[in-house]
Amino acid sequence: MPTAAASGKIAELKAALHSTDRLLISFWGLLAIVSLVLHARIPSWRLILLADLCAALLVCAIAYAAHRTGLRALRWAHDWAAYPLVVFTYKQLYLIIGPIHNHRDYDQLLITVDYGLFRLNPTEWMAKFSNPLLTETLQIAYSLFYAIFLAAGFEIYRRLDLSHFRYFSFTIVYGFLISYIGYFFLPAAGPRFTLHDFSQIDSELPGLWLTPALRQFVNFFESIPSGASNAAALAAAQRDVFPSGHAMMTLVAVVLAHRYRLRIRAWVYVAGALLMMATVYLRYHYLIDIFAGALLALPCLLTSNRMFRYFDNDR
């Protein structure tokens, strides 16, 4: 039976955790349960359990320390910890989704849907209009995906309105997690591996100065080794195509930028529009992925406030 001191510390920890902390810990618990139940299919299940436990303990430690000490650096670390932890969560999917589907991909289904809707393959059609300047512009826009959320969050944070910042951060994390759940149902690699030869993209869609380096940057975070052949890249790639998290979260960012009347909202609108175009032009997504992601943005925005209140420590 816990002592009064221990009970007090537990109560203090509960008060210290933000709604986003609770959401992430809950999602890691879900991933841990899936990994444990399907451990026979998931070779890395022990690693996943350990990583999720360590992440949960880290969040609790940062939250508790920030709450107890009130140190500005710790409060800042606690407020912003969710952003790298979303990337941490994303990388876990690489170890889970492929094995539970016995490494079956559903690209052909998505290709068939695209062709059935448009009577063509959109990435092949858009290749007719390619030129190095357009490629460079769209590759930069695509690579700025996470920068949109950081810039918007930073502006809200500088206003010293923590309630708005915490709701903004919660909604962004909540949206990403919704898209991650979608990947479990239809894992696919994307048209740059199926309809096109991944190893030829630099010659087929050349940019100007930054495109090769930015492609390498994107590939690195998707676990694709430098200079890989199409087969090797396909084997290594994350199955994160359907729904398009880029489309979904770009629309969420645009709506929130408008809602909060951010000074950078015009930049968010332009960058968002270019990014949406880039997802197909640069062969990262099928067009049906974009539609699915855009549709998911609506329930995310409609339910985020209710979910925020549910996970809030003041409820």
# chains A, B, ... in the order shown; residues from 1 in each chain; ligands from 1
>>> residues_around(residues="region 132-146 of chain A", least_positions_apart="2", cutoff="6 Å", atoms="only C-alpha atoms", output="list of chain:residue names")
A:Ile148, A:Phe149, A:Pro206, A:Gly207, A:Leu208, A:Thr211, A:Ala271, A:Leu275, A:Ala278
>>> closest_residue(among="A:Ile181, A:Leu274, A:Val113, A:Ala189", to="Leu296 (chain A)", atoms="only C-alpha atoms")
A:Ile181
>>> closest_residue(among="A:Leu262, A:Phe311, A:Val86, A:Tyr183", to="Ile156 (chain A)", atoms="only C-alpha atoms")
A:Leu262
>>> closest_residue(among="A:Arg72, A:Arg159, A:His101, A:His246", to="Ile42 (chain A)", atoms="only C-alpha atoms")
A:His101
>>> residues_around(residues="region 91-99 of chain A", least_positions_apart="6", cutoff="7 Å", atoms="only C-alpha atoms", output="PDB file with N, CA and C atoms, in the first residue's frame")
ATOM      1  N   ARG A  41       5.189 -12.387 -34.670  1.00  0.00           N
ATOM      2  CA  ARG A  41       5.440 -11.816 -36.000  1.00  0.00           C
ATOM      3  C   ARG A  41       6.448 -10.665 -35.969  1.00  0.00           C
ATOM      4  N   ILE A  42       6.671 -10.089 -34.810  1.00  0.00           N
ATOM      5  CA  ILE A  42       7.472  -8.869 -34.708  1.00  0.00           C
ATOM      6  C   ILE A  42       8.807  -9.191 -34.042  1.00  0.00           C
ATOM      7  N   SER A  44      11.365  -7.462 -33.357  1.00  0.00           N
ATOM      8  CA  SER A  44      11.912  -6.432 -32.477  1.00  0.00           C
ATOM      9  C   SER A  44      10.977  -6.072 -31.328  1.00  0.00           C
ATOM     10  N   PHE A 184      -1.282   1.314 -40.508  1.00  0.00           N
ATOM     11  CA  PHE A 184      -1.408  -0.087 -40.123  1.00  0.00           C
ATOM     12  C   PHE A 184      -2.353  -0.857 -41.040  1.00  0.00           C
ATOM     13  N   GLN A 238       9.980   3.031 -45.274  1.00  0.00           N
ATOM     14  CA  GLN A 238       8.843   2.946 -44.360  1.00  0.00           C
ATOM     15  C   GLN A 238       7.560   2.815 -45.169  1.00  0.00           C
TER      16      GLN A 238
END
>>> closest_residue(among="A:His285, A:Arg75, A:His258, A:Arg263", to="Val241 (chain A)", atoms="only C-alpha atoms")
A:His285
>>> atom_distance(atom1="CA of Gly245 (chain A)", atom2="CA of Tyr174 (chain A)")
11.7 Å
>>> closest_residue(among="A:Phe217, A:Phe242, A:Tyr281, A:Phe176", to="Glu204 (chain A)", atoms="only C-alpha atoms")
A:Tyr281
>>> select_by_dssp(residues="region 169-252 of chain A", states="helix (DSSP H, G or I)", output="ChimeraX atom specification")
/A:169-183,191-194,198-204,211-221,230-236,245-252
